[in-house]
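Peer 1: Sending over a structure as structure tokens; questions will come in a sec.
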2 protein chains.
Amino acid sequence: MDIIKQQLNHRTVRKFKDIELDEKMIETLLNVANHAPTSMGMQQYSVIRVKDPEKRAMLGEIAGQDYINDCPELFVFIVDIYRNMSIAKEKGYEGESYRDMNRFFQGFTDGLLAAQNMEIAIESLGMGSVYFGSILNDIGKVCEILKLPELTFPIVGMGFGYPAEEPQLKPRMDMKFKFFEDEYKIFNNYLDEIEEYDEEMTYYYDTRANGRRSDCFSNQILKIFSNRNETAANVGKIIRKQGFLID
Amino acid sequence: MDIIKQQLNHRTVRKFKDIELDEKMIETLLNVANHAPTSMGMQQYSVIRVKDPEKRAMLGEIAGQDYINDCPELFVFIVDIYRNMSIAKEKGYEGESYRDMNRFFQGFTDGLLAAQNMEIAIESLGMGSVYFGSILNDIGKVCEILKLPELTFPIVGMGFGYPAEEPQLKPRMDMKFKFFEDEYKIFNNYLDEIEEYDEEMTYYYDTRANGRRSDCFSNQILKIFSNRNETAANVGKIIRKQGFLID
């Protein structure tokens with residue numbers, strides 16, 4: 001039950017102690033990632049550890065999150081069909097089915113299962129982590145910075161290290177809105193239904209905001225939807241550019 | 001270190017004891033899923049528990065895996081932007097940025113982090129699990145079976161219960177092929193490099209195959225790529241049909 005206790009106690013950490021991590025520990029974490037489930041055993045993902053301060057700064061700018069620079073470790077998980085494509089070609093394969101979108105999604109899935117496997121191991125070692133979905137604000141640039149070849153694609157970044165803050169547990173919407181039996185369930189009036197959660201979120205103090213009160217959940221959604229980012233939205237274009245066949 | 005030991009010992013379980021799972025335990029597992037990290041706190045995924053034997057049989061047929069019917073539990077994780085879209089609309093939002101592909105990928109990511117969080121909790125309770133990526137062989141049909149509204153999308157299925165088999169640990173390709181520093185690393189000759197792994201996989205006995213020797217890794221890749229599935233590949237079409245703006 002200790003694992004579950006840890007999982008129920010998960011919070012994102014954004015400030016870290018300036019302690020370098022042991023290389024043996026990094027190796028263990030990679031080993032954990034490597035043992036996550038993977039679609040058809042194909043292992044269609046890779047991980048890039050970003051140490052170069054210049055690359056870090058560029059990623060931080062894309063993400064709009066300076067503290068990317070201060071994470072003791074920064075890993076970027078990527079879809080990787082390039083490796084298996086190369087193996088198949090060396091074996092004489094002449095087709096191009098590695099460009100299919102189901103392969104892309106298998107790789108995307110593999111990478112995230114590996115990431116979350118590692119995330120839990122990180123916490124079990126007394127460290128904390130933060131996912132950077134925000135590096136996808138400009139996927140094209142991330143591909144350039146990390147020199148991603150065709151048939152690869154960035155999924156998510158993850159910073160980790162020993163925590164220098166103790167954030168509050170962030171309230172979650174009740175599972176009744178997310179968990180259904182046999183078919184999807186549509187609620188008649190979501191705002192009414194989530195009223196209690198909206199209020200709970202209002203009183204949740206996010207440590208990032210120096211003790212400022214948070215906005216309620218529905219207002220956060222409104223803000224996020226209203227703040228459209230054209231470059232970030234343009235995922236399809238980069239998927240094509242990386243050699244996958246969306247159409 | 002117990003968590004890490006468990007993770008390094010992970011194996012997929014495909015045969016389960018016919019033991020019904022306690023509802024309290026299911027609730028705990030959902031709670032664990034609910035506490036996984038989620039992009040911008042938006043919680044853009046849902047989970048559908050499939051109990052109906054008819055629906056199970058249909059999913060099993062799509063997956064080409066009969067044993068879907070025999071899993072004590074079967075959960076399907078889905079991208080869910082429908083819920084937040086509804087909340088935003090009730091708040092008077094008139095834009096359509098919830099159709100953007102970055103939202104889709106945020107939901108896809110949320111769902112997989114929740115799934116793997118749950119997977120680890122399942123194993124910590126002495127159970128085993130199997131991911132069914134294969135239900136995506138016909139995504140359009142899955143949408144029909146689970147009555148998925150617009151702005152939702154199936155990600156992956158997961159069966160779990162108490163194991164009735166003890167599969168061998170499946171060998172993984174060395175992390176040196178998957179883990180790079182600062183930029184992607186291309187190898188000159190993958191086949192030479194993975195020779196040892198190819199051999200290791202040949203001698204890995206998959207319990208599914210009743211003790212038959214496995215094919216080497218590079219031959220498996222070749223087989224999978226050669227066995228193209230037009231319906232499965234056609235992911236883009238269904239993403240559009242579900243109301244997302246790929247283009």
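We name chains A, B, ... following the order of the structure tokens; residues begin at 1 in each chain, and ligands are numbered from 1 as shown.
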Just want the 6 Å neighbourhood of region 167-184 of chain A, counted on only C-alpha atoms, with same-chain residues fewer than 5 positions away dropped. Output as a compact mmCIF listing (two decimals) with all heavy atoms, in the first residue's frame.
Peer 2:
```txt
# COMPACT_ATOMS: atom_id res chain seq x y z
N ARG A 11 2.37 15.54 -5.85
CA ARG A 11 2.23 16.95 -6.22
C ARG A 11 3.41 17.33 -7.11
O ARG A 11 4.48 16.74 -7.04
CB ARG A 11 2.17 17.84 -4.97
CG ARG A 11 3.13 17.42 -3.89
CD ARG A 11 2.64 17.85 -2.52
NE ARG A 11 1.78 16.84 -1.88
CZ ARG A 11 1.09 17.05 -0.76
NH1 ARG A 11 1.13 18.22 -0.17
NH2 ARG A 11 0.35 16.10 -0.24
N THR A 207 1.46 27.24 -4.65
CA THR A 207 2.70 27.86 -4.14
C THR A 207 3.39 28.70 -5.20
O THR A 207 4.13 29.61 -4.88
CB THR A 207 3.71 26.80 -3.65
OG1 THR A 207 3.88 25.83 -4.67
CG2 THR A 207 3.26 26.16 -2.38
N SER B 46 -10.94 10.56 -19.65
CA SER B 46 -11.93 9.82 -18.88
C SER B 46 -11.62 8.34 -19.00
O SER B 46 -10.74 7.95 -19.77
CB SER B 46 -13.36 10.10 -19.39
OG SER B 46 -13.78 11.38 -18.97
N VAL B 47 -12.30 7.56 -18.20
CA VAL B 47 -12.07 6.11 -18.19
C VAL B 47 -13.42 5.41 -18.31
O VAL B 47 -14.36 5.78 -17.60
CB VAL B 47 -11.40 5.66 -16.87
CG1 VAL B 47 -11.00 4.19 -16.94
CG2 VAL B 47 -10.20 6.53 -16.53
N ILE B 48 -13.51 4.44 -19.20
CA ILE B 48 -14.76 3.68 -19.31
C ILE B 48 -14.50 2.22 -18.94
O ILE B 48 -13.64 1.56 -19.51
CB ILE B 48 -15.36 3.80 -20.73
CG1 ILE B 48 -15.67 5.29 -21.00
CG2 ILE B 48 -16.64 2.95 -20.85
CD1 ILE B 48 -16.26 5.56 -22.36
N ARG B 49 -15.26 1.78 -17.94
CA ARG B 49 -15.14 0.39 -17.49
C ARG B 49 -16.12 -0.42 -18.33
O ARG B 49 -17.32 -0.13 -18.35
CB ARG B 49 -15.55 0.35 -16.01
CG ARG B 49 -15.47 -1.00 -15.35
CD ARG B 49 -16.11 -0.89 -13.96
NE ARG B 49 -15.77 -1.99 -13.09
CZ ARG B 49 -16.16 -2.05 -11.81
NH1 ARG B 49 -16.85 -1.06 -11.26
NH2 ARG B 49 -15.82 -3.09 -11.07
N VAL B 50 -15.60 -1.43 -19.00
CA VAL B 50 -16.47 -2.20 -19.89
C VAL B 50 -16.83 -3.54 -19.24
O VAL B 50 -15.97 -4.41 -19.06
CB VAL B 50 -15.80 -2.44 -21.26
CG1 VAL B 50 -16.78 -3.10 -22.22
CG2 VAL B 50 -15.30 -1.12 -21.84
N LEU B 146 -18.58 2.48 -27.50
CA LEU B 146 -18.56 3.17 -26.19
C LEU B 146 -19.34 4.48 -26.23
O LEU B 146 -19.34 5.25 -25.27
CB LEU B 146 -17.12 3.41 -25.74
CG LEU B 146 -16.23 2.17 -25.65
CD1 LEU B 146 -14.81 2.55 -25.22
CD2 LEU B 146 -16.82 1.14 -24.67
N LYS B 147 -20.02 4.72 -27.35
CA LYS B 147 -20.81 5.95 -27.55
C LYS B 147 -20.01 7.20 -27.19
O LYS B 147 -20.45 8.04 -26.39
CB LYS B 147 -22.11 5.90 -26.72
CG LYS B 147 -23.03 4.77 -27.18
CD LYS B 147 -24.47 4.99 -26.73
CE LYS B 147 -25.34 3.81 -27.19
NZ LYS B 147 -26.53 3.62 -26.38
N LEU B 148 -18.86 7.31 -27.79
CA LEU B 148 -18.00 8.46 -27.50
C LEU B 148 -18.48 9.70 -28.26
O LEU B 148 -18.59 9.67 -29.48
CB LEU B 148 -16.55 8.14 -27.88
CG LEU B 148 -15.89 6.97 -27.15
CD1 LEU B 148 -14.39 6.92 -27.46
CD2 LEU B 148 -16.09 7.06 -25.64
```
Peer 1: Quick one: residues within 12 Å of Met25 (chain B), only C-alpha atoms, excluding same-chain residues fewer than 2 positions away - as a list in words?
Peer 2: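 Non-adjacent residues within range: Met1 and Ile4 of chain A; Glu20, Leu21, Asp22, Glu23, Glu27, Thr28, Leu29, Leu30, Asn31, Val32, Glu73, Met118, Ala121, Ile122, Ser124, Leu125, Gly126, Met127 and Gly161 of chain B.
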Peer 1: Using only N, CA, C and O atoms, please write the residues we just selected to a file, as a PDB file, in the first residue's frame.
Peer 2:
```pdb
ATOM      1  N   MET A   1       0.817  -1.224   0.000  1.00  0.00           N
ATOM      2  CA  MET A   1       0.000   0.000   0.000  1.00  0.00           C
ATOM      3  C   MET A   1       0.848   1.271   0.000  1.00  0.00           C
ATOM      4  O   MET A   1       0.330   2.367  -0.222  1.00  0.00           O
ATOM      5  N   ILE A   4       0.736   3.139  -3.301  1.00  0.00           N
ATOM      6  CA  ILE A   4      -0.531   3.855  -3.489  1.00  0.00           C
ATOM      7  C   ILE A   4      -0.570   5.121  -2.638  1.00  0.00           C
ATOM      8  O   ILE A   4      -1.022   6.172  -3.093  1.00  0.00           O
TER       9      ILE A   4
ATOM     10  N   GLU B  20     -13.542 -12.109  -8.841  1.00  0.00           N
ATOM     11  CA  GLU B  20     -14.118 -10.771  -8.982  1.00  0.00           C
ATOM     12  C   GLU B  20     -13.360  -9.812  -8.071  1.00  0.00           C
ATOM     13  O   GLU B  20     -13.008 -10.161  -6.943  1.00  0.00           O
ATOM     14  N   LEU B  21     -13.134  -8.595  -8.552  1.00  0.00           N
ATOM     15  CA  LEU B  21     -12.369  -7.643  -7.744  1.00  0.00           C
ATOM     16  C   LEU B  21     -13.298  -6.837  -6.846  1.00  0.00           C
ATOM     17  O   LEU B  21     -14.417  -6.493  -7.225  1.00  0.00           O
ATOM     18  N   ASP B  22     -12.797  -6.553  -5.678  1.00  0.00           N
ATOM     19  CA  ASP B  22     -13.529  -5.786  -4.688  1.00  0.00           C
ATOM     20  C   ASP B  22     -13.786  -4.352  -5.184  1.00  0.00           C
ATOM     21  O   ASP B  22     -12.874  -3.692  -5.693  1.00  0.00           O
ATOM     22  N   GLU B  23     -15.009  -3.865  -5.018  1.00  0.00           N
ATOM     23  CA  GLU B  23     -15.350  -2.511  -5.503  1.00  0.00           C
ATOM     24  C   GLU B  23     -14.559  -1.420  -4.775  1.00  0.00           C
ATOM     25  O   GLU B  23     -14.270  -0.367  -5.332  1.00  0.00           O
ATOM     26  N   GLU B  27     -12.229   1.467  -6.511  1.00  0.00           N
ATOM     27  CA  GLU B  27     -12.318   2.881  -6.134  1.00  0.00           C
ATOM     28  C   GLU B  27     -10.934   3.453  -5.813  1.00  0.00           C
ATOM     29  O   GLU B  27     -10.600   4.569  -6.228  1.00  0.00           O
ATOM     30  N   THR B  28     -10.149   2.682  -5.080  1.00  0.00           N
ATOM     31  CA  THR B  28      -8.783   3.118  -4.769  1.00  0.00           C
ATOM     32  C   THR B  28      -7.977   3.318  -6.047  1.00  0.00           C
ATOM     33  O   THR B  28      -7.261   4.313  -6.205  1.00  0.00           O
ATOM     34  N   LEU B  29      -8.114   2.381  -6.981  1.00  0.00           N
ATOM     35  CA  LEU B  29      -7.356   2.482  -8.237  1.00  0.00           C
ATOM     36  C   LEU B  29      -7.769   3.723  -9.029  1.00  0.00           C
ATOM     37  O   LEU B  29      -6.935   4.405  -9.626  1.00  0.00           O
ATOM     38  N   LEU B  30      -9.049   4.021  -9.014  1.00  0.00           N
ATOM     39  CA  LEU B  30      -9.518   5.218  -9.725  1.00  0.00           C
ATOM     40  C   LEU B  30      -8.983   6.473  -9.052  1.00  0.00           C
ATOM     41  O   LEU B  30      -8.645   7.461  -9.698  1.00  0.00           O
ATOM     42  N   ASN B  31      -8.921   6.412  -7.752  1.00  0.00           N
ATOM     43  CA  ASN B  31      -8.381   7.530  -6.987  1.00  0.00           C
ATOM     44  C   ASN B  31      -6.904   7.759  -7.359  1.00  0.00           C
ATOM     45  O   ASN B  31      -6.451   8.889  -7.497  1.00  0.00           O
ATOM     46  N   VAL B  32      -6.187   6.665  -7.531  1.00  0.00           N
ATOM     47  CA  VAL B  32      -4.781   6.753  -7.956  1.00  0.00           C
ATOM     48  C   VAL B  32      -4.699   7.389  -9.346  1.00  0.00           C
ATOM     49  O   VAL B  32      -3.892   8.299  -9.579  1.00  0.00           O
ATOM     50  N   GLU B  73     -11.347  -7.290 -15.179  1.00  0.00           N
ATOM     51  CA  GLU B  73     -11.727  -5.893 -15.415  1.00  0.00           C
ATOM     52  C   GLU B  73     -11.145  -5.432 -16.748  1.00  0.00           C
ATOM     53  O   GLU B  73     -10.044  -5.820 -17.122  1.00  0.00           O
ATOM     54  N   MET B 118      -2.157   3.951 -12.575  1.00  0.00           N
ATOM     55  CA  MET B 118      -3.041   2.877 -12.125  1.00  0.00           C
ATOM     56  C   MET B 118      -2.375   1.517 -12.291  1.00  0.00           C
ATOM     57  O   MET B 118      -2.494   0.638 -11.430  1.00  0.00           O
ATOM     58  N   ALA B 121      -0.130   0.782  -9.435  1.00  0.00           N
ATOM     59  CA  ALA B 121      -0.921   0.483  -8.238  1.00  0.00           C
ATOM     60  C   ALA B 121      -1.484  -0.937  -8.308  1.00  0.00           C
ATOM     61  O   ALA B 121      -1.501  -1.674  -7.314  1.00  0.00           O
ATOM     62  N   ILE B 122      -1.939  -1.327  -9.490  1.00  0.00           N
ATOM     63  CA  ILE B 122      -2.479  -2.679  -9.699  1.00  0.00           C
ATOM     64  C   ILE B 122      -1.433  -3.730  -9.323  1.00  0.00           C
ATOM     65  O   ILE B 122      -1.711  -4.671  -8.576  1.00  0.00           O
ATOM     66  N   SER B 124       1.122  -3.326  -7.421  1.00  0.00           N
ATOM     67  CA  SER B 124       1.481  -3.235  -6.001  1.00  0.00           C
ATOM     68  C   SER B 124       0.474  -3.997  -5.136  1.00  0.00           C
ATOM     69  O   SER B 124       0.760  -4.328  -3.987  1.00  0.00           O
ATOM     70  N   LEU B 125      -0.708  -4.264  -5.698  1.00  0.00           N
ATOM     71  CA  LEU B 125      -1.732  -5.018  -4.969  1.00  0.00           C
ATOM     72  C   LEU B 125      -1.690  -6.502  -5.311  1.00  0.00           C
ATOM     73  O   LEU B 125      -2.631  -7.254  -5.022  1.00  0.00           O
ATOM     74  N   GLY B 126      -0.610  -6.922  -5.961  1.00  0.00           N
ATOM     75  CA  GLY B 126      -0.441  -8.350  -6.271  1.00  0.00           C
ATOM     76  C   GLY B 126      -1.184  -8.795  -7.519  1.00  0.00           C
ATOM     77  O   GLY B 126      -1.310  -9.987  -7.786  1.00  0.00           O
ATOM     78  N   MET B 127      -1.695  -7.821  -8.275  1.00  0.00           N
ATOM     79  CA  MET B 127      -2.398  -8.175  -9.503  1.00  0.00           C
ATOM     80  C   MET B 127      -1.477  -7.965 -10.716  1.00  0.00           C
ATOM     81  O   MET B 127      -0.331  -7.548 -10.570  1.00  0.00           O
ATOM     82  N   GLY B 161      -6.365  -8.056 -13.219  1.00  0.00           N
ATOM     83  CA  GLY B 161      -6.921  -9.009 -12.261  1.00  0.00           C
ATOM     84  C   GLY B 161      -5.772  -9.786 -11.618  1.00  0.00           C
ATOM     85  O   GLY B 161      -4.602  -9.430 -11.789  1.00  0.00           O
TER      86      GLY B 161
END
```
Peer 1: Which residues, written as a PyMOL selection string, have at least one atom at most 10 Å from region 94-105 of chain A, with only C-alpha atoms counted and residues fewer than 5 positions away on the same chain left out?
Peer 2: (chain A and resi 39+42+44-45+79-82+84-85+88-89+110-111+150-153+239-240+242-247) or (chain B and resi 108+133+136-137+155+221-222+224-236)
Peer 1: For the atom pair CA of Lys91 (chain B) and CA of Gly41 (chain B), what is the interatomic distance in Å to one decimal place?
Peer 2: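 CA of Gly41 (chain B) lies 18.2 Å from CA of Lys91 (chain B).
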Peer 1: Give the answer as one residue: which of A:Pro72, A:Gly60, A:Pro154, A:Pro149 has the shortest atom-to-atom distance to chain B, using only C-alpha atoms?
Peer 2: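 Residue with the minimum atom-to-atom distance to chain B: A:Pro149.
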Peer 1: Taking the DSSP secondary structure from the backbone, can you list the residues of region 14-193 of chain A that are alpha helix (DSSP H), as a PyMOL selection string?
Peer 2: chain A and resi 23-34+53-63+82-90+101-124+139-145+190-193
Peer 1: I'd like the contact shell of Lys17 (chain A) - 8 Å cut-off, only C-alpha atoms, skipping same-chain residues fewer than 2 positions apart - returned as a list in words.
Peer 2: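 Listed by chain and then number, they are Lys15, Ile19, Pro72, Gly161, Tyr162, Pro163 and Ala164 of chain A.
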Peer 1: Just all heavy atoms for this one: save the residues we selected as a PDB file, in the first residue's frame.
Peer 2:
```pdb
ATOM      1  N   LYS A  15      10.414  23.844  -7.698  1.00  0.00           N
ATOM      2  CA  LYS A  15      11.662  24.417  -7.173  1.00  0.00           C
ATOM      3  C   LYS A  15      12.506  23.301  -6.585  1.00  0.00           C
ATOM      4  O   LYS A  15      12.019  22.501  -5.784  1.00  0.00           O
ATOM      5  CB  LYS A  15      11.353  25.451  -6.079  1.00  0.00           C
ATOM      6  CG  LYS A  15      10.908  26.786  -6.642  1.00  0.00           C
ATOM      7  CD  LYS A  15      10.655  27.786  -5.529  1.00  0.00           C
ATOM      8  CE  LYS A  15      10.073  29.073  -6.100  1.00  0.00           C
ATOM      9  NZ  LYS A  15       9.482  29.910  -5.042  1.00  0.00           N
ATOM     10  N   ILE A  19      21.319  20.341  -5.974  1.00  0.00           N
ATOM     11  CA  ILE A  19      22.101  19.134  -5.681  1.00  0.00           C
ATOM     12  C   ILE A  19      22.217  18.316  -6.959  1.00  0.00           C
ATOM     13  O   ILE A  19      21.207  17.978  -7.578  1.00  0.00           O
ATOM     14  CB  ILE A  19      21.404  18.267  -4.602  1.00  0.00           C
ATOM     15  CG1 ILE A  19      21.259  19.058  -3.295  1.00  0.00           C
ATOM     16  CG2 ILE A  19      22.133  16.948  -4.392  1.00  0.00           C
ATOM     17  CD1 ILE A  19      20.497  18.306  -2.220  1.00  0.00           C
ATOM     18  N   PRO A  72      17.573  20.314 -11.769  1.00  0.00           N
ATOM     19  CA  PRO A  72      18.826  19.549 -11.782  1.00  0.00           C
ATOM     20  C   PRO A  72      18.919  18.629 -13.006  1.00  0.00           C
ATOM     21  O   PRO A  72      19.988  18.474 -13.586  1.00  0.00           O
ATOM     22  CB  PRO A  72      18.751  18.741 -10.480  1.00  0.00           C
ATOM     23  CG  PRO A  72      17.911  19.588  -9.574  1.00  0.00           C
ATOM     24  CD  PRO A  72      16.892  20.249 -10.467  1.00  0.00           C
ATOM     25  N   GLY A 161      14.452  16.486  -9.433  1.00  0.00           N
ATOM     26  CA  GLY A 161      15.529  16.696  -8.468  1.00  0.00           C
ATOM     27  C   GLY A 161      14.952  16.672  -7.058  1.00  0.00           C
ATOM     28  O   GLY A 161      13.791  16.290  -6.867  1.00  0.00           O
ATOM     29  N   TYR A 162      15.777  17.087  -6.098  1.00  0.00           N
ATOM     30  CA  TYR A 162      15.289  17.118  -4.715  1.00  0.00           C
ATOM     31  C   TYR A 162      14.492  18.406  -4.485  1.00  0.00           C
ATOM     32  O   TYR A 162      14.962  19.491  -4.834  1.00  0.00           O
ATOM     33  CB  TYR A 162      16.458  17.017  -3.748  1.00  0.00           C
ATOM     34  CG  TYR A 162      17.075  15.639  -3.751  1.00  0.00           C
ATOM     35  CD1 TYR A 162      18.240  15.373  -4.475  1.00  0.00           C
ATOM     36  CD2 TYR A 162      16.464  14.599  -3.072  1.00  0.00           C
ATOM     37  CE1 TYR A 162      18.787  14.105  -4.513  1.00  0.00           C
ATOM     38  CE2 TYR A 162      17.007  13.320  -3.099  1.00  0.00           C
ATOM     39  CZ  TYR A 162      18.166  13.081  -3.819  1.00  0.00           C
ATOM     40  OH  TYR A 162      18.693  11.812  -3.866  1.00  0.00           O
ATOM     41  N   PRO A 163      13.296  18.276  -3.928  1.00  0.00           N
ATOM     42  CA  PRO A 163      12.390  19.424  -3.809  1.00  0.00           C
ATOM     43  C   PRO A 163      12.889  20.486  -2.830  1.00  0.00           C
ATOM     44  O   PRO A 163      13.434  20.168  -1.776  1.00  0.00           O
ATOM     45  CB  PRO A 163      11.076  18.819  -3.311  1.00  0.00           C
ATOM     46  CG  PRO A 163      11.394  17.452  -2.842  1.00  0.00           C
ATOM     47  CD  PRO A 163      12.688  17.032  -3.443  1.00  0.00           C
ATOM     48  N   ALA A 164      12.700  21.749  -3.211  1.00  0.00           N
ATOM     49  CA  ALA A 164      12.999  22.879  -2.320  1.00  0.00           C
ATOM     50  C   ALA A 164      11.707  23.616  -1.978  1.00  0.00           C
ATOM     51  O   ALA A 164      11.720  24.781  -1.613  1.00  0.00           O
ATOM     52  CB  ALA A 164      13.990  23.817  -2.993  1.00  0.00           C
TER      53      ALA A 164
END
```
Peer 1: Looking at B:Asn117, B:Ser214, B:Thr202, B:Asn69, which one is nearest to chain A, with distances taken over only C-alpha atoms?
Peer 2: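 Of B:Asn117, B:Ser214, B:Thr202, B:Asn69, the one nearest chain A is B:Asn117, counting only C-alpha atoms.
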Peer 1: Restricting the calculation to only C-alpha atoms: of B:Arg213, B:Lys237, B:Arg14, B:Lys141, which residue gets closest to chain A?
Peer 2: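 The shortest atom-to-atom distance to chain A comes from B:Lys237.
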Peer 1: Please return, as a list in words, all residues of region 142-174 of chain A that DSSP assigns to strand (DSSP E or B) on the basis of the backbone.
Peer 2: Thr152, Phe153, Pro154, Ile155, Val156, Gly157, Met158, Gly159, Phe160, Gly161 and Pro163 of chain A
Peer 1: Work out how far apart CA of Ser218 (chain B) and CA of Ala36 (chain A) are and give it in Å to one decimal.
Peer 2: 20.0 Å
Peer 1: Rounded to one decimal, what separation in Å do you get between CA of Ile139 (chain B) and CA of Ile62 (chain B)?
Peer 2: 8.9 Å
Peer 1: Point out the residue among B:Gly92, B:Gln106, B:Phe16, B:Ser129 with the least atom-to-atom distance to Lys223 (chain A), counting only C-alpha atoms.
Peer 2: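 Answer, going by the shortest atom-to-atom distance: B:Gly92.
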Peer 1: Env of Met158 (chain A): 9 Å cut, atoms = only C-alpha atoms, seq-sep filter 2 positions within chain, self excluded. Answer as JSON, numbers by chain.
Peer 2: {"A": [73, 74, 75, 76, 77, 115, 119, 129, 130, 131, 132, 133, 156, 160]}
Peer 1: Taking into account only C-alpha atoms, which residue in the set B:Ala63, B:Ile238, B:Leu112, B:Val13 is nearest to chain A?
Peer 2: B:Leu112
